[in-house]
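J.: Below is coords.cif; it holds mmCIF, C-alpha atoms; chains and numbers go by the auth columns.
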```
data_start
loop_
_atom_site.group_PDB
_atom_site.id
_atom_site.type_symbol
_atom_site.label_atom_id
_atom_site.label_comp_id
_atom_site.label_asym_id
_atom_site.label_seq_id
_atom_site.Cartn_x
_atom_site.Cartn_y
_atom_site.Cartn_z
_atom_site.B_iso_or_equiv
_atom_site.auth_seq_id
_atom_site.auth_asym_id
ATOM 1 C CA MET A 1 -16.965 -14.982 -6.429 0.00 1 A
ATOM 2 C CA ALA A 2 -16.250 -17.476 -3.643 0.00 2 A
ATOM 3 C CA ASN A 3 -12.531 -16.911 -4.109 0.00 3 A
ATOM 4 C CA LYS A 4 -12.946 -13.150 -3.702 0.00 4 A
ATOM 5 C CA LYS A 5 -14.977 -13.635 -0.523 0.00 5 A
ATOM 6 C CA SER A 6 -12.335 -16.015 0.781 0.00 6 A
ATOM 7 C CA LYS A 7 -9.608 -13.422 0.098 0.00 7 A
ATOM 8 C CA GLU A 8 -11.662 -10.710 1.798 0.00 8 A
ATOM 9 C CA LYS A 9 -12.096 -12.931 4.865 0.00 9 A
ATOM 10 C CA GLN A 10 -8.346 -13.520 4.937 0.00 10 A
ATOM 11 C CA LEU A 11 -7.766 -9.766 4.739 0.00 11 A
ATOM 12 C CA GLU A 12 -10.228 -9.178 7.590 0.00 12 A
ATOM 13 C CA ALA A 13 -8.433 -11.804 9.697 0.00 13 A
ATOM 14 C CA VAL A 14 -5.054 -10.172 9.092 0.00 14 A
ATOM 15 C CA GLN A 15 -6.571 -6.751 9.778 0.00 15 A
ATOM 16 C CA THR A 16 -7.846 -8.079 13.126 0.00 16 A
ATOM 17 C CA GLN A 17 -4.374 -9.448 13.921 0.00 17 A
ATOM 18 C CA PHE A 18 -2.847 -6.020 13.241 0.00 18 A
ATOM 19 C CA SER A 19 -5.518 -4.302 15.359 0.00 19 A
ATOM 20 C CA ASP A 20 -4.890 -6.684 18.260 0.00 20 A
ATOM 21 C CA TRP A 21 -1.141 -6.165 17.984 0.00 21 A
ATOM 22 C CA ARG A 22 -1.521 -2.380 17.915 0.00 22 A
ATOM 23 C CA LYS A 23 -3.740 -2.463 21.022 0.00 23 A
ATOM 24 C CA ASN A 24 -1.384 -4.721 22.965 0.00 24 A
ATOM 25 C CA ARG A 25 2.056 -3.452 21.967 0.00 25 A
ATOM 26 C CA LYS A 26 4.194 -1.846 24.630 0.00 26 A
ATOM 27 C CA GLY A 27 5.160 1.300 22.725 0.00 27 A
ATOM 28 C CA ARG A 28 4.342 3.102 19.501 0.00 28 A
ATOM 29 C CA ARG A 29 7.845 2.436 18.174 0.00 29 A
ATOM 30 C CA ASP A 30 7.662 -1.357 18.541 0.00 30 A
ATOM 31 C CA ARG A 31 8.559 -3.151 15.329 0.00 31 A
ATOM 32 C CA ILE A 32 5.844 -5.072 13.538 0.00 32 A
ATOM 33 C CA PRO A 33 6.428 -8.804 14.075 0.00 33 A
ATOM 34 C CA GLU A 34 7.640 -10.768 11.058 0.00 34 A
ATOM 35 C CA SER A 35 4.598 -13.027 11.274 0.00 35 A
ATOM 36 C CA LEU A 36 2.320 -10.021 10.658 0.00 36 A
ATOM 37 C CA TRP A 37 4.487 -8.769 7.781 0.00 37 A
ATOM 38 C CA ASP A 38 4.380 -12.258 6.261 0.00 38 A
ATOM 39 C CA ALA A 39 0.600 -12.437 6.656 0.00 39 A
ATOM 40 C CA ALA A 40 0.172 -9.044 4.958 0.00 40 A
ATOM 41 C CA ALA A 41 2.560 -9.876 2.102 0.00 41 A
ATOM 42 C CA SER A 42 0.882 -13.233 1.514 0.00 42 A
ATOM 43 C CA LEU A 43 -2.327 -11.409 0.581 0.00 43 A
ATOM 44 C CA SER A 44 -0.646 -9.724 -2.399 0.00 44 A
ATOM 45 C CA ASP A 45 -1.993 -12.324 -4.827 0.00 45 A
ATOM 46 C CA GLY A 46 -5.534 -11.080 -4.172 0.00 46 A
ATOM 47 C CA PHE A 47 -4.989 -7.386 -3.435 0.00 47 A
ATOM 48 C CA SER A 48 -2.691 -4.649 -4.644 0.00 48 A
ATOM 49 C CA VAL A 49 0.065 -3.355 -2.383 0.00 49 A
ATOM 50 C CA ASN A 50 -1.779 -0.037 -2.299 0.00 50 A
ATOM 51 C CA GLU A 51 -5.025 -1.662 -1.073 0.00 51 A
ATOM 52 C CA LEU A 52 -3.170 -3.683 1.547 0.00 52 A
ATOM 53 C CA SER A 53 -1.096 -0.790 2.847 0.00 53 A
ATOM 54 C CA LYS A 54 -4.184 1.406 3.259 0.00 54 A
ATOM 55 C CA THR A 55 -6.381 -1.290 4.797 0.00 55 A
ATOM 56 C CA LEU A 56 -3.703 -2.566 7.181 0.00 56 A
ATOM 57 C CA ARG A 57 -2.193 0.914 7.802 0.00 57 A
ATOM 58 C CA LEU A 58 1.300 -0.106 6.706 0.00 58 A
ATOM 59 C CA ASN A 59 4.126 1.762 5.054 0.00 59 A
ATOM 60 C CA HIS A 60 3.615 1.244 1.320 0.00 60 A
ATOM 61 C CA SER A 61 7.332 1.003 0.463 0.00 61 A
ATOM 62 C CA SER A 62 8.077 -1.497 3.227 0.00 62 A
ATOM 63 C CA LEU A 63 5.186 -3.708 2.217 0.00 63 A
ATOM 64 C CA LYS A 64 6.082 -3.472 -1.470 0.00 64 A
ATOM 65 C CA GLU A 65 9.646 -4.561 -0.690 0.00 65 A
ATOM 66 C CA ARG A 66 8.409 -7.595 1.244 0.00 66 A
ATOM 67 C CA VAL A 67 5.941 -8.550 -1.480 0.00 67 A
ATOM 68 C CA GLU A 68 8.697 -8.344 -4.099 0.00 68 A
ATOM 69 C CA THR A 69 10.916 -10.556 -1.937 0.00 69 A
ATOM 70 C CA ILE A 70 8.159 -13.180 -1.807 0.00 70 A
ATOM 71 C CA GLN A 71 7.527 -12.978 -5.547 0.00 71 A
ATOM 72 C CA ASN A 72 11.170 -12.897 -6.652 0.00 72 A
ATOM 73 C CA GLY A 73 12.780 -14.835 -3.827 0.00 73 A
ATOM 74 C CA PRO A 74 15.501 -13.458 -1.582 0.00 74 A
ATOM 75 C CA PRO A 75 18.345 -11.616 -3.263 0.00 75 A
ATOM 76 C CA GLU A 76 21.319 -13.743 -4.207 0.00 76 A
ATOM 77 C CA GLU A 77 24.360 -13.414 -2.034 0.00 77 A
ATOM 78 C CA PRO A 78 27.414 -12.239 -3.926 0.00 78 A
ATOM 79 C CA CYS A 79 30.086 -14.825 -4.572 0.00 79 A
ATOM 80 C CA LEU A 80 33.009 -14.229 -2.247 0.00 80 A
ATOM 81 C CA THR A 81 36.410 -14.297 -3.893 0.00 81 A
ATOM 82 C CA THR A 82 38.966 -16.494 -2.209 0.00 82 A
ATOM 83 C CA PHE A 83 42.676 -16.128 -2.764 0.00 83 A
ATOM 84 C CA ILE A 84 44.360 -19.429 -3.504 0.00 84 A
ATOM 85 C CA GLU A 85 48.119 -19.568 -3.062 0.00 85 A
ATOM 86 C CA PHE A 86 50.055 -21.912 -5.327 0.00 86 A
ATOM 87 C CA PRO A 87 53.638 -23.041 -4.976 0.00 87 A
ATOM 88 C CA PRO A 88 56.157 -20.973 -6.956 0.00 88 A
ATOM 89 C CA LEU A 89 56.589 -21.880 -10.582 0.00 89 A
ATOM 90 C CA ASN A 90 59.914 -23.299 -11.675 0.00 90 A
ATOM 91 C CA SER A 91 61.096 -21.817 -14.962 0.00 91 A
ATOM 92 C CA PRO A 92 62.973 -24.431 -16.971 0.00 92 A
ATOM 93 C CA ALA A 93 65.214 -23.439 -19.831 0.00 93 A
ATOM 94 C CA ASP A 94 62.516 -24.093 -22.411 0.00 94 A
ATOM 95 C CA SER A 95 59.876 -21.387 -22.449 0.00 95 A
ATOM 96 C CA THR A 96 56.684 -23.418 -22.330 0.00 96 A
ATOM 97 C CA GLU A 97 53.569 -21.288 -21.962 0.00 97 A
ATOM 98 C CA VAL A 98 50.423 -22.515 -20.285 0.00 98 A
ATOM 99 C CA SER A 99 46.989 -20.921 -20.254 0.00 99 A
ATOM 100 C CA LEU A 100 44.348 -22.403 -18.033 0.00 100 A
ATOM 101 C CA GLU A 101 40.790 -21.351 -17.235 0.00 101 A
ATOM 102 C CA LEU A 102 38.677 -23.113 -14.616 0.00 102 A
ATOM 103 C CA GLU A 103 35.070 -22.408 -13.732 0.00 103 A
ATOM 104 C CA LYS A 104 32.848 -23.830 -11.020 0.00 104 A
ATOM 105 C CA ALA A 105 29.595 -22.460 -9.564 0.00 105 A
ATOM 106 C CA GLY A 106 30.181 -19.021 -11.020 0.00 106 A
ATOM 107 C CA ALA A 107 33.787 -18.792 -9.811 0.00 107 A
ATOM 108 C CA ILE A 108 36.400 -18.423 -12.542 0.00 108 A
ATOM 109 C CA MET A 109 40.147 -18.827 -12.287 0.00 109 A
ATOM 110 C CA LYS A 110 42.432 -17.875 -15.173 0.00 110 A
ATOM 111 C CA VAL A 111 46.130 -18.727 -15.180 0.00 111 A
ATOM 112 C CA HIS A 112 48.710 -17.795 -17.767 0.00 112 A
ATOM 113 C CA ALA A 113 52.239 -18.892 -16.965 0.00 113 A
ATOM 114 C CA LYS A 114 55.580 -19.456 -18.633 0.00 114 A
ATOM 115 C CA GLY A 115 57.517 -22.522 -17.685 0.00 115 A
ATOM 116 C CA HIS A 116 56.559 -25.792 -16.080 0.00 116 A
ATOM 117 C CA ILE A 117 53.530 -25.827 -13.768 0.00 117 A
ATOM 118 C CA ASP A 118 51.841 -28.694 -12.001 0.00 118 A
ATOM 119 C CA VAL A 119 48.442 -28.475 -13.688 0.00 119 A
ATOM 120 C CA LEU A 120 47.000 -31.357 -11.675 0.00 120 A
ATOM 121 C CA SER A 121 47.801 -29.686 -8.334 0.00 121 A
ATOM 122 C CA LEU A 122 46.435 -26.400 -9.606 0.00 122 A
ATOM 123 C CA VAL A 123 43.129 -27.961 -10.618 0.00 123 A
ATOM 124 C CA GLN A 124 42.799 -30.016 -7.424 0.00 124 A
ATOM 125 C CA THR A 125 43.461 -26.960 -5.245 0.00 125 A
ATOM 126 C CA PHE A 126 40.883 -24.920 -7.130 0.00 126 A
ATOM 127 C CA TRP A 127 38.170 -27.574 -6.774 0.00 127 A
ATOM 128 C CA ARG A 128 38.888 -28.050 -3.065 0.00 128 A
ATOM 129 C CA GLN A 129 38.677 -24.305 -2.357 0.00 129 A
ATOM 130 C CA GLN A 130 35.314 -23.922 -4.083 0.00 130 A
ATOM 131 C CA SER A 131 33.534 -26.685 -2.137 0.00 131 A
#
```
Would you put the structure from the file into structure tokens?
T.:
Amino acid sequence: MANKKSKEKQLEAVQTQFSDWRKNRKGRRDRIPESLWDAAASLSDGFSVNELSKTLRLNHSSLKERVETIQNGPPEEPCLTTFIEFPPLNSPADSTEVSLELEKAGAIMKVHAKGHIDVLSLVQTFWRQQS
């Protein structure tokens, strides 16, 4: 019971912050400050997004998106692919084939070559580029 009253007091405090901001903003199209969005989203553990959006007069979808970001963490940035240039391969008379697959932090490099290649240089270059 005390926890519910505490949550309701927090909601009232955030509601007051929104009211004050709405009274003092310069124009109707001013963006809601991040601190207010954060305060509203932080109440999602005690209230539904629907309750919060109605009480605080916020766009339901925008609030839901922010609550999901808090709960799930920010979206992962995609891994950027980097082109690594290697020196040309020398093809000796014998037809040696080499297959190599390297992986680090989600990046994968696959090499299939005929002839002599400097595997050590290849591996060192790959590790340096991924740092």
J.: I'd like the contact shell of range 29-42 of chain A - 8 Å cut-off, all atoms listed in the file, skipping same-chain residues fewer than 4 positions apart - returned as a list in words.
T.: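 That gives Leu11, Val14, Gln17, Phe18, Arg25, Leu52, Leu56, Leu63, Arg66, Val67 and Ile70 of chain A.
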J.: What does the distance between CA of Ser44 in chain A and CA of Gln10 in chain A come to in Å, to one decimal place?
T.: 11.3 Å
J.: Check which residues satisfy the PyMOL selection byres ((chain A and resi 122) around 10) in the file shown, then give them as a list of chain:residue names.
T.: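 Written out, the selection comes to A:Ile84, A:Glu85, A:Phe86, A:Pro87, A:Leu100, A:Leu102, A:Val111, A:Ile117, A:Asp118, A:Val119, A:Leu120, A:Ser121, A:Val123, A:Gln124, A:Thr125, A:Phe126, A:Trp127.
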J.: Mind giving me the straight-line distance from CA of Lys54 in chain A to CA of Asp20 in chain A in Å, one decimal?
T.: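 That distance, rounded to one decimal, is 17.1 Å.
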J.: Go ahead and compute the interatomic distance for CA of Thr96 in chain A and CA of Gly115 in chain A, in Å to one decimal.
T.: 4.8 Å
J.: Would you mind telling me which residue in A:Gly106, A:Asn3, A:Asp45, A:Asn24 lies nearest to Gln71 in chain A when using all atoms listed in the file?
T.: A:Asp45
